[in-house]
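Next comes final_36.csv, with CSV, C-alpha atoms and all ligand atoms.
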chain,number,residue,atom,x,y,z
A,1,MET,CA,61.2,-47.9,6.1
A,2,LYS,CA,60.9,-44.7,8.0
A,3,SER,CA,64.1,-42.6,8.0
A,4,CYS,CA,65.7,-41.8,11.3
A,5,ALA,CA,64.9,-38.1,11.0
A,6,LYS,CA,61.2,-38.9,10.3
A,7,ARG,CA,61.1,-41.2,13.3
A,8,GLU,CA,62.7,-38.6,15.5
A,9,ALA,CA,60.2,-36.0,14.3
A,10,ASP,CA,57.3,-38.4,15.0
A,11,ARG,CA,58.6,-39.0,18.5
A,12,LYS,CA,58.9,-35.3,19.2
A,13,THR,CA,55.3,-34.7,18.0
A,14,PHE,CA,54.0,-37.6,20.1
A,15,MET,CA,55.8,-36.2,23.2
A,16,GLU,CA,54.2,-32.8,22.6
A,17,GLN,CA,50.8,-34.5,22.4
A,18,VAL,CA,51.5,-36.4,25.6
A,19,ARG,CA,52.3,-33.0,27.3
A,20,ASP,CA,49.2,-31.3,25.8
A,21,SER,CA,47.0,-34.2,27.0
A,22,LYS,CA,48.5,-34.2,30.5
A,23,GLU,CA,47.9,-30.5,30.9
A,24,ASN,CA,44.3,-31.2,30.1
A,25,GLY,CA,43.9,-34.1,32.5
A,26,TYR,CA,44.6,-37.1,30.3
A,27,LEU,CA,47.4,-39.6,30.2
A,28,LEU,CA,48.0,-40.5,26.5
A,29,SER,CA,49.3,-44.0,26.0
A,30,SER,CA,51.4,-45.0,23.0
A,31,ARG,CA,48.7,-47.5,22.0
A,32,LYS,CA,47.3,-46.4,18.6
A,33,ILE,CA,43.8,-47.8,18.2
A,34,GLY,CA,43.0,-46.3,14.8
A,35,SER,CA,43.8,-43.7,12.3
A,36,GLY,CA,41.9,-41.6,9.7
A,37,ALA,CA,42.9,-39.4,6.8
A,38,PHE,CA,44.1,-36.6,9.1
A,39,SER,CA,43.9,-38.1,12.5
A,40,LYS,CA,45.3,-40.7,14.9
A,41,VAL,CA,43.4,-42.2,17.7
A,42,TYR,CA,45.1,-43.3,20.9
A,43,LEU,CA,44.1,-45.0,24.1
A,44,GLY,CA,44.1,-42.5,26.9
A,45,TYR,CA,43.3,-42.4,30.6
A,46,ALA,CA,41.5,-39.7,32.6
A,47,THR,CA,43.5,-38.6,35.6
A,48,GLN,CA,42.1,-38.6,39.1
A,49,GLU,CA,42.1,-34.8,39.0
A,50,LYS,CA,40.1,-34.8,35.8
A,51,LEU,CA,37.6,-37.2,37.3
A,52,ARG,CA,37.1,-34.9,40.2
A,53,GLN,CA,36.5,-31.9,37.9
A,54,ASN,CA,34.3,-33.6,35.3
A,55,TYR,CA,31.2,-35.1,36.8
A,56,LYS,CA,29.7,-36.5,33.6
A,57,LEU,CA,33.0,-38.2,32.6
A,58,ALA,CA,33.5,-39.5,36.1
A,59,SER,CA,30.0,-41.0,36.4
A,60,ASP,CA,30.2,-42.5,33.0
A,61,LEU,CA,33.6,-44.1,33.6
A,62,ARG,CA,32.6,-45.2,37.0
A,63,SER,CA,29.8,-47.3,35.5
A,64,LYS,CA,32.3,-48.9,33.2
A,65,ARG,CA,34.8,-49.5,36.1
A,66,HIS,CA,37.8,-48.1,34.2
A,67,SER,CA,39.3,-44.7,33.3
A,68,MET,CA,40.0,-45.4,29.6
A,69,VAL,CA,39.0,-43.0,26.8
A,70,ALA,CA,39.9,-42.7,23.1
A,71,ILE,CA,41.8,-39.6,22.2
A,72,LYS,CA,41.4,-38.6,18.6
A,73,ILE,CA,44.3,-36.2,17.6
A,74,ILE,CA,43.8,-34.2,14.5
A,75,SER,CA,46.9,-32.5,13.2
A,76,THR,CA,45.4,-29.2,12.1
A,77,ALA,CA,48.8,-27.9,11.1
A,78,LYS,CA,49.1,-30.7,8.5
A,79,ALA,CA,45.5,-31.1,7.4
A,80,PRO,CA,44.2,-29.1,4.5
A,81,LEU,CA,42.6,-25.8,5.4
A,82,GLU,CA,39.2,-27.0,4.2
A,83,TYR,CA,39.3,-29.9,6.6
A,84,SER,CA,40.2,-27.7,9.6
A,85,ARG,CA,37.8,-24.9,8.7
A,86,LYS,CA,34.9,-26.8,7.5
A,87,PHE,CA,34.8,-30.5,8.3
A,88,LEU,CA,36.4,-30.6,11.7
A,89,PRO,CA,34.1,-27.8,13.2
A,90,ARG,CA,31.2,-29.7,11.8
A,91,GLU,CA,32.4,-32.9,13.4
A,92,ILE,CA,32.7,-31.2,16.8
A,93,TYR,CA,29.4,-29.4,16.4
A,94,SER,CA,27.7,-32.6,15.6
A,95,LEU,CA,29.3,-34.6,18.4
A,96,ASN,CA,28.3,-31.9,20.8
A,97,ALA,CA,24.8,-31.6,19.5
A,98,THR,CA,24.3,-35.4,19.9
A,99,TYR,CA,26.2,-35.7,23.1
A,100,LYS,CA,23.4,-36.7,25.3
A,101,HIS,CA,22.7,-40.0,23.5
A,102,ILE,CA,24.1,-43.3,24.8
A,103,ASN,CA,25.4,-44.3,21.4
A,104,ILE,CA,27.5,-41.2,20.8
A,105,GLN,CA,29.8,-39.7,23.4
A,106,LEU,CA,32.2,-36.9,23.1
A,107,TYR,CA,33.5,-36.0,26.5
A,108,GLU,CA,35.5,-32.9,25.7
A,109,THR,CA,37.9,-31.2,23.2
A,110,TYR,CA,41.0,-29.2,23.7
A,111,ARG,CA,43.3,-27.7,21.2
A,112,ASN,CA,46.4,-25.6,20.4
A,113,SER,CA,47.8,-24.2,17.3
A,114,ARG,CA,49.1,-27.6,16.0
A,115,CYS,CA,46.4,-30.1,17.0
A,116,THR,CA,42.8,-30.5,18.0
A,117,TYR,CA,42.1,-33.3,20.5
A,118,LEU,CA,38.7,-35.0,20.8
A,119,VAL,CA,38.2,-37.1,23.9
A,120,LEU,CA,35.8,-39.8,23.1
A,121,GLU,CA,34.2,-42.7,24.8
A,122,LEU,CA,36.3,-45.8,24.1
A,123,ALA,CA,34.8,-48.4,21.8
A,124,SER,CA,37.2,-51.2,22.4
A,125,ARG,CA,35.6,-53.9,20.3
A,126,GLY,CA,36.4,-52.5,16.9
A,127,ASP,CA,34.0,-51.6,14.1
A,128,LEU,CA,30.9,-53.2,12.8
A,129,LEU,CA,32.6,-54.3,9.6
A,130,GLU,CA,35.2,-56.2,11.6
A,131,HIS,CA,32.5,-57.7,13.7
A,132,ILE,CA,30.5,-58.9,10.8
A,133,ASN,CA,33.5,-60.5,9.1
A,134,ALA,CA,34.7,-62.1,12.3
A,135,THR,CA,31.3,-63.5,13.1
A,136,SER,CA,30.9,-64.8,9.5
A,137,ASP,CA,34.2,-66.6,9.8
A,138,ARG,CA,33.2,-68.1,13.2
A,139,ARG,CA,29.8,-69.2,12.0
A,140,GLU,CA,31.1,-70.3,8.6
A,141,CYS,CA,28.1,-68.5,7.2
A,142,PRO,CA,28.1,-64.9,6.0
A,143,GLY,CA,26.5,-62.3,8.1
A,144,LEU,CA,25.2,-62.0,11.6
A,145,GLU,CA,22.3,-64.0,13.0
A,146,GLU,CA,19.1,-61.9,12.6
A,147,GLU,CA,18.6,-61.7,16.3
A,148,GLU,CA,22.0,-60.0,16.8
A,149,ALA,CA,21.5,-57.8,13.7
A,150,ARG,CA,18.2,-56.7,15.2
A,151,ARG,CA,19.7,-55.8,18.5
A,152,LEU,CA,22.4,-53.7,16.8
A,153,PHE,CA,20.2,-52.2,14.2
A,154,ARG,CA,17.8,-50.9,16.8
A,155,GLN,CA,20.6,-49.0,18.4
A,156,ILE,CA,21.8,-47.7,15.1
A,157,VAL,CA,18.3,-46.5,14.2
A,158,SER,CA,18.0,-44.9,17.6
A,159,ALA,CA,21.3,-43.1,17.2
A,160,VAL,CA,20.4,-41.8,13.7
A,161,ALA,CA,17.0,-40.7,14.9
A,162,HIS,CA,18.6,-38.8,17.7
A,163,CYS,CA,20.9,-37.0,15.2
A,164,HIS,CA,17.9,-36.2,12.9
A,165,ASN,CA,15.9,-35.0,15.8
A,166,VAL,CA,18.5,-32.4,16.7
A,167,GLY,CA,18.9,-31.4,13.0
A,168,ILE,CA,22.0,-33.3,12.1
A,169,VAL,CA,22.4,-35.6,9.1
A,170,HIS,CA,25.4,-37.9,9.3
A,171,ARG,CA,26.0,-38.4,5.5
A,172,ASP,CA,28.6,-41.1,6.0
A,173,LEU,CA,26.8,-43.9,7.6
A,174,LYS,CA,28.7,-47.2,7.0
A,175,CYS,CA,29.8,-50.2,8.9
A,176,GLU,CA,33.3,-48.8,9.5
A,177,ASN,CA,31.8,-45.8,11.2
A,178,ILE,CA,29.8,-47.8,13.7
A,179,LEU,CA,32.0,-48.9,16.6
A,180,LEU,CA,31.3,-51.4,19.4
A,181,ASP,CA,32.1,-50.9,23.0
A,182,GLU,CA,33.0,-53.7,25.5
A,183,ARG,CA,29.4,-54.2,26.4
A,184,GLY,CA,28.3,-54.6,22.8
A,185,PHE,CA,26.7,-51.1,22.5
A,186,ILE,CA,27.2,-49.4,19.2
A,187,LYS,CA,28.9,-46.0,19.0
A,188,LEU,CA,28.3,-43.9,16.0
A,189,THR,CA,31.4,-42.1,14.9
A,190,ASP,CA,33.1,-40.0,12.2
A,191,PHE,CA,30.8,-37.0,11.9
A,192,GLY,CA,33.3,-35.4,9.5
A,193,PHE,CA,30.7,-35.2,6.8
A,194,ALA,CA,27.8,-34.4,9.1
A,195,ASN,CA,25.8,-31.3,8.5
A,196,ARG,CA,23.1,-29.4,10.2
A,197,TYR,CA,20.0,-28.3,8.5
A,198,SER,CA,17.5,-25.8,9.7
A,199,LEU,CA,14.6,-26.5,7.3
A,200,LYS,CA,13.1,-29.9,7.4
A,201,ASN,CA,13.0,-30.4,3.7
A,202,SER,CA,16.1,-28.5,2.7
A,203,LEU,CA,18.2,-30.0,0.0
A,204,MET,CA,22.0,-30.5,-0.1
A,205,SER,CA,24.4,-30.8,-2.9
A,206,THR,CA,27.7,-32.1,-1.6
A,207,PHE,CA,28.8,-35.6,-2.4
A,208,CYS,CA,29.7,-37.3,0.9
A,209,GLY,CA,30.4,-40.8,2.0
A,210,SER,CA,31.4,-44.0,0.4
A,211,VAL,CA,30.0,-45.1,-2.9
A,212,ALA,CA,28.7,-48.4,-1.7
A,213,TYR,CA,26.6,-46.8,1.0
A,214,THR,CA,25.6,-43.6,-0.9
A,215,ALA,CA,22.1,-43.0,-2.0
A,216,PRO,CA,21.4,-43.0,-5.7
A,217,GLU,CA,20.2,-39.4,-5.9
A,218,ILE,CA,23.7,-38.3,-4.6
A,219,LEU,CA,25.4,-40.6,-7.1
A,220,MET,CA,23.3,-38.9,-9.8
A,221,SER,CA,24.5,-35.5,-8.5
A,222,LYS,CA,21.0,-34.4,-7.7
A,223,LYS,CA,20.1,-32.1,-4.9
A,224,TYR,CA,19.2,-34.4,-2.0
A,225,ASN,CA,17.5,-34.5,1.3
A,226,GLY,CA,20.1,-35.6,3.9
A,227,GLU,CA,17.7,-37.5,6.1
A,228,LEU,CA,16.5,-39.6,3.2
A,229,ALA,CA,20.0,-40.2,2.1
A,230,ASP,CA,20.9,-41.5,5.6
A,231,LEU,CA,17.9,-43.9,5.3
A,232,TRP,CA,19.4,-45.4,2.2
A,233,SER,CA,22.7,-46.0,4.0
A,234,LEU,CA,20.8,-47.7,6.8
A,235,GLY,CA,19.3,-50.1,4.3
A,236,VAL,CA,22.8,-50.9,3.0
A,237,ILE,CA,24.1,-51.4,6.6
A,238,LEU,CA,21.2,-53.8,7.5
A,239,TYR,CA,21.8,-55.8,4.3
A,240,ALA,CA,25.5,-56.0,5.1
A,241,MET,CA,24.7,-57.2,8.6
A,242,VAL,CA,22.4,-60.0,7.7
A,243,THR,CA,24.2,-61.2,4.5
A,244,GLY,CA,27.8,-60.3,5.2
A,245,LYS,CA,27.8,-58.6,1.8
A,246,LEU,CA,27.2,-55.3,0.2
A,247,PRO,CA,24.0,-55.1,-1.8
A,248,PHE,CA,25.6,-53.1,-4.6
A,249,LYS,CA,29.3,-52.7,-5.1
A,250,GLU,CA,30.9,-50.7,-7.9
A,251,ARG,CA,33.6,-48.1,-7.8
A,252,GLN,CA,32.1,-45.9,-10.4
A,253,PRO,CA,28.8,-44.1,-9.5
A,254,HIS,CA,27.2,-44.6,-13.0
A,255,LYS,CA,27.7,-48.3,-12.8
A,256,MET,CA,26.3,-48.3,-9.2
A,257,ILE,CA,23.2,-46.6,-10.4
A,258,HIS,CA,22.8,-49.1,-13.2
A,259,MET,CA,23.1,-51.9,-10.7
A,260,ILE,CA,20.6,-50.3,-8.2
A,261,LYS,CA,18.1,-49.9,-11.0
A,262,GLN,CA,18.3,-53.6,-11.7
A,263,GLY,CA,17.0,-54.3,-8.3
A,264,LEU,CA,18.0,-55.9,-5.0
A,265,CYS,CA,19.0,-59.5,-4.8
A,266,PHE,CA,19.1,-61.8,-1.7
A,267,ARG,CA,21.3,-64.7,-2.3
A,268,GLN,CA,20.8,-66.5,1.0
A,269,PRO,CA,17.9,-67.2,3.4
A,270,ILE,CA,16.9,-64.0,5.1
A,271,SER,CA,13.5,-63.7,6.8
A,272,PRO,CA,10.8,-62.1,4.7
A,273,GLU,CA,10.3,-59.5,7.4
A,274,CYS,CA,13.9,-58.5,7.2
A,275,GLN,CA,13.9,-58.4,3.4
A,276,ASP,CA,10.8,-56.2,3.6
A,277,LEU,CA,12.5,-53.7,5.8
A,278,ILE,CA,15.6,-53.6,3.6
A,279,GLN,CA,13.5,-53.2,0.5
A,280,GLY,CA,11.6,-50.4,2.3
A,281,LEU,CA,14.9,-48.5,2.9
A,282,LEU,CA,16.6,-49.2,-0.4
A,283,GLN,CA,14.0,-47.5,-2.6
A,284,LEU,CA,15.4,-45.6,-5.6
A,285,LYS,CA,12.9,-42.8,-5.0
A,286,PRO,CA,13.9,-41.0,-1.8
A,287,GLY,CA,10.3,-40.1,-0.9
A,288,ALA,CA,9.3,-43.8,-1.2
A,289,ARG,CA,11.8,-44.9,1.6
A,290,LEU,CA,10.4,-45.9,5.0
A,291,GLY,CA,10.8,-43.1,7.5
A,292,LEU,CA,12.7,-43.7,10.8
A,293,GLN,CA,9.5,-43.9,12.7
A,294,GLN,CA,8.3,-46.6,10.3
A,295,VAL,CA,11.6,-48.4,10.6
A,296,ALA,CA,11.6,-48.3,14.4
A,297,THR,CA,8.1,-49.9,14.4
A,298,HIS,CA,8.6,-52.3,11.6
A,299,CYS,CA,7.6,-55.8,12.5
A,300,TRP,CA,11.2,-57.1,12.0
A,301,MET,CA,12.3,-54.6,14.7
A,302,LEU,CA,9.6,-55.8,17.0
A,303,PRO,CA,9.9,-59.6,17.0
A,304,ALA,CA,6.7,-60.2,18.9
A,305,THR,CA,4.6,-59.0,16.0
A,306,SER,CA,6.5,-60.8,13.3
A,307,ALA,CA,4.1,-63.8,13.2
A,308,ILE,CA,1.1,-61.5,12.6
A,309,PHE,CA,3.1,-59.7,9.8
A,310,HIS,CA,4.0,-63.1,8.3
A,311,GLN,CA,0.3,-63.9,8.1
A,312,ALA,CA,-0.5,-60.6,6.6
A,313,LEU,CA,2.2,-61.0,4.0
A,314,ASN,CA,0.7,-64.3,2.9
A,315,ALA,CA,-2.9,-63.1,3.1
A,316,PRO,CA,-4.9,-63.3,-0.1
A,317,GLY,CA,-5.1,-60.0,-2.0
A,318,ARG,CA,-1.7,-58.7,-0.9
A,319,ALA,CA,0.7,-58.1,-3.8
A,320,PRO,CA,3.4,-60.7,-3.4
A,321,GLU,CA,6.4,-58.3,-3.1
A,322,LEU,CA,8.4,-61.1,-1.6
A,323,SER,CA,8.1,-64.1,-3.7
A,324,PRO,CA,8.2,-67.6,-2.1
A,325,ALA,CA,11.3,-68.1,-4.2
A,326,LEU,CA,13.0,-65.3,-2.2
A,327,GLU,CA,11.9,-66.7,1.1
A,328,LYS,CA,13.4,-70.1,0.2
A,329,PRO,CA,16.3,-69.4,-2.2
A,330,SER,CA,17.1,-71.9,-4.8
A,331,ALA,CA,19.9,-74.4,-4.3
A,332,GLN,CA,22.3,-72.1,-6.1
A,333,GLY,CA,21.3,-69.3,-3.6
A,334,MET,CA,20.2,-67.0,-6.4
A,335,CYS,CA,16.9,-65.2,-7.0
A,336,PRO,CA,15.3,-67.0,-9.9
A,337,ASP,CA,12.8,-64.2,-10.4
A,338,SER,CA,15.4,-61.5,-10.6
A,339,PRO,CA,16.3,-60.3,-14.1
A,340,THR,CA,19.8,-60.1,-12.9
A,341,ALA,CA,20.1,-63.5,-11.2
A,342,GLY,CA,23.7,-64.6,-11.3
A,343,GLY,CA,24.8,-61.7,-13.4
A,344,HIS,CA,24.4,-58.6,-11.2
A,345,GLY,CA,27.0,-57.5,-8.7
A,346,GLY,CA,24.7,-57.4,-5.7
A,347,GLY,CA,25.9,-59.4,-2.8
A,348,GLU,CA,29.5,-58.3,-3.1
A,349,ALA,CA,31.8,-59.3,-0.3
A,350,LEU,CA,32.3,-56.8,2.5
A,351,GLY,CA,35.6,-55.3,3.2
A,401,LIG,N1,35.9,-43.8,20.2
A,401,LIG,C1,36.7,-44.7,19.6
A,401,LIG,N2,37.0,-45.8,20.3
A,401,LIG,C2,37.8,-46.7,19.7
A,401,LIG,N3,38.4,-46.5,18.4
A,401,LIG,C3,38.1,-45.4,17.8
A,401,LIG,C4,37.2,-44.4,18.3
A,401,LIG,N4,37.1,-43.4,17.4
A,401,LIG,C5,37.8,-43.8,16.4
A,401,LIG,N5,38.4,-45.0,16.6
A,401,LIG,C6,39.3,-45.7,15.6
A,401,LIG,O1,40.0,-44.8,14.8
A,401,LIG,C7,39.6,-44.9,13.5
A,401,LIG,C8,39.6,-43.5,12.8
A,401,LIG,O2,38.6,-42.8,13.5
A,401,LIG,P1,37.6,-41.8,12.7
A,401,LIG,O3,36.9,-42.7,11.7
A,401,LIG,O4,36.8,-41.1,13.6
A,401,LIG,O5,38.7,-40.9,12.0
A,401,LIG,P2,38.6,-40.1,10.6
A,401,LIG,O6,39.8,-39.2,10.6
A,401,LIG,O7,37.3,-39.4,10.6
A,401,LIG,O8,38.6,-41.3,9.6
A,401,LIG,P3,38.4,-41.2,8.0
A,401,LIG,O9,39.6,-40.5,7.4
A,401,LIG,O10,38.3,-42.7,7.7
A,401,LIG,O11,37.1,-40.5,7.8
A,401,LIG,C9,38.3,-45.6,13.5
A,401,LIG,O12,38.1,-46.4,12.3
A,401,LIG,C10,38.4,-46.5,14.7
A,401,LIG,O13,39.1,-47.7,14.3
Using structure tokens, write down the structure that the file contains.
Ligand SMILES: Nc1ncnc2c1ncn2[C@@H]1O[C@H](COP(=O)(O)OP(=O)(O)OP(=O)(O)O)[C@@H](O)[C@H]1O
Amino acid sequence: MKSCAKREADRKTFMEQVRDSKENGYLLSSRKIGSGAFSKVYLGYATQEKLRQNYKLASDLRSKRHSMVAIKIISTAKAPLEYSRKFLPREIYSLNATYKHINIQLYETYRNSRCTYLVLELASRGDLLEHINATSDRRECPGLEEEEARRLFRQIVSAVAHCHNVGIVHRDLKCENILLDERGFIKLTDFGFANRYSLKNSLMSTFCGSVAYTAPEILMSKKYNGELADLWSLGVILYAMVTGKLPFKERQPHKMIHMIKQGLCFRQPISPECQDLIQGLLQLKPGARLGLQQVATHCWMLPATSAIFHQALNAPGRAPELSPALEKPSAQGMCPDSPTAGGHGGGEALG
């Protein structure tokens, strides 16, 4: 239980934050909608005066017919210096650089010596992980229907392509960092690990992100290309969306690598087109992964062409990358042709 003194200190801090926000044109509500390692996110409202001053904010909120925003408050006085000096500026830079994309909206920032405030578009329907888990429960079947997964994945790919086009790699793409707004649009968030690169093929060396979504080259502590590492994470996200599970799940990087080398396993019926796309992204060799352009035009992303692709897949002479056994999983729901069937940790529960 919190001590009285701690509660009083928290109350004072919150009142200061309410004041700071009011001075900057926002009413901070006491409804906390999320928290991170060094941040708290509250529901806020833009004042009429703010709406008069900020045309972009006003027109965006008008289209939504409300004045709500998410206010992320980072206590820079309490956060480690490295976070305030390195990761937070990167997050703000990245959000600003990607501002003009529908999936990512930072309206403005303000700060004082104690806190930095990020005013963000409100994504009121929680994150993708919660959505997958809730939908799985409702359907009594793990994962989203492919049609819904396709609709969301298209937006995610578009948001990541936008980042890459302006020279930003996210480096922490995961279901928890993809939020949903009230209209079902995705909002990419948490750019704390994002980095900019000036050379197309420049390599990075910092370990970022969550092990389950992290590209094998990073787990192996190799220098890596940030764009190609983001592509791996996209493969993990798509797998999670359609199966409700993570493809590889281990706490320790060396065990993860072992699992990845054993190969991917689909334990439930997923269309061959979707499997092909996931396989194309989850390639051990970074250079062998599908590029974003190829992802965006992959037949699974364009349903109209999927029938043609299906024919091509089954055409004589094509190497059978997707065996019939995978298209129609066995009664046990395992991959009989996989050396790891039953034994490997692929298909671990989300969460
Ligand atoms: N725009 C938003 N709309 C609604 N909720 C949000 C928004 N931004 C963040 N949140 C909520 O706040 C949580 C923390 O936000 P965020 O991930 O940006 O913080 P963080 O400090 O970078 O987190 P972490 O320490 O996990 O990296 C999110 O998981 C989400 O639940």
Give one line per residue of chain A that approaches ligand LIG 401 (chain A) to at most 7 Å, naming the two atoms of the closest pair and their distance in Å to one decimal, counting only C-alpha atoms and all ligand atoms; sort by chain then ascending residue number and deliver it as JSON lines.
{"residue": "A:Ile33", "atom": "CA", "partner": "A:LIG401", "partner_atom": "N3", "distance": 5.6}
{"residue": "A:Gly34", "atom": "CA", "partner": "A:LIG401", "partner_atom": "O1", "distance": 3.4}
{"residue": "A:Ser35", "atom": "CA", "partner": "A:LIG401", "partner_atom": "C8", "distance": 4.2}
{"residue": "A:Gly36", "atom": "CA", "partner": "A:LIG401", "partner_atom": "O6", "distance": 3.3}
{"residue": "A:Ala37", "atom": "CA", "partner": "A:LIG401", "partner_atom": "O9", "distance": 3.5}
{"residue": "A:Phe38", "atom": "CA", "partner": "A:LIG401", "partner_atom": "O6", "distance": 5.2}
{"residue": "A:Ser39", "atom": "CA", "partner": "A:LIG401", "partner_atom": "O6", "distance": 4.7}
{"residue": "A:Lys40", "atom": "CA", "partner": "A:LIG401", "partner_atom": "C8", "distance": 6.7}
{"residue": "A:Val41", "atom": "CA", "partner": "A:LIG401", "partner_atom": "O1", "distance": 5.2}
{"residue": "A:Ala70", "atom": "CA", "partner": "A:LIG401", "partner_atom": "N1", "distance": 5.1}
{"residue": "A:Lys72", "atom": "CA", "partner": "A:LIG401", "partner_atom": "N4", "distance": 6.6}
{"residue": "A:Leu120", "atom": "CA", "partner": "A:LIG401", "partner_atom": "N1", "distance": 4.9}
{"residue": "A:Glu121", "atom": "CA", "partner": "A:LIG401", "partner_atom": "N1", "distance": 5.0}
{"residue": "A:Leu122", "atom": "CA", "partner": "A:LIG401", "partner_atom": "N2", "distance": 3.9}
{"residue": "A:Ala123", "atom": "CA", "partner": "A:LIG401", "partner_atom": "N2", "distance": 3.7}
{"residue": "A:Ser124", "atom": "CA", "partner": "A:LIG401", "partner_atom": "C2", "distance": 5.3}
{"residue": "A:Gly126", "atom": "CA", "partner": "A:LIG401", "partner_atom": "O13", "distance": 6.1}
{"residue": "A:Asp127", "atom": "CA", "partner": "A:LIG401", "partner_atom": "O13", "distance": 6.4}
{"residue": "A:Glu176", "atom": "CA", "partner": "A:LIG401", "partner_atom": "O12", "distance": 6.1}
{"residue": "A:Asn177", "atom": "CA", "partner": "A:LIG401", "partner_atom": "O3", "distance": 6.0}
{"residue": "A:Leu179", "atom": "CA", "partner": "A:LIG401", "partner_atom": "C2", "distance": 6.9}
{"residue": "A:Thr189", "atom": "CA", "partner": "A:LIG401", "partner_atom": "O4", "distance": 5.6}
{"residue": "A:Asp190", "atom": "CA", "partner": "A:LIG401", "partner_atom": "O4", "distance": 4.1}
{"residue": "A:Gly192", "atom": "CA", "partner": "A:LIG401", "partner_atom": "O7", "distance": 5.8}
Handout entry: Close residues, Tyr213 of chain A itself excluded, 12 Å, all atoms listed in the file, min 5 positions apart in chain, as number ranges by chain
Key = A: 171-177, 207-208, 218-219, 229-240, 245-251, 253, 256-257, 260, 281-282, 350
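As for atom CA of Ile74 of chain A and atom CA of Phe14 of chain A, they are spaced 12.1 Å apart.
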Handout entry: Best match for closeness to Phe185 of chain A among A:Ala161, A:Arg125, A:Arg85, A:Glu217, counting all atoms listed in the file
Key =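 Closest candidate: A:Arg125.
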Practice task
May I ask which of the residues A:Leu81, A:Cys141, A:Ile73, A:Ile92 is the closest one to Cys115 of chain A, counting all atoms listed in the file?
Solution key: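 Selected residue with least distance to Cys115 of chain A: A:Ile73.
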Handout entry: Distance criterion (all atoms listed in the file): nearest to Ala149 of chain A out of A:His164, A:His131, A:Lys32, A:His258
Key =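 Nearest to Ala149 of chain A: A:His131.
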Exercise for the section: Counting all atoms listed in the file, figure out which residue out of A:Cys4, A:Ala58, A:Ile270, A:Val157 gets nearest to Gly244 of chain A. Expected result: A:Ile270
Practice task
Go ahead and compute the interatomic distance for atom CA of Leu144 of chain A and atom CA of Gln275 of chain A, in Å to one decimal.
Solution key: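 Taking atom CA of Leu144 of chain A and atom CA of Gln275 of chain A, their separation equals 14.4 Å.
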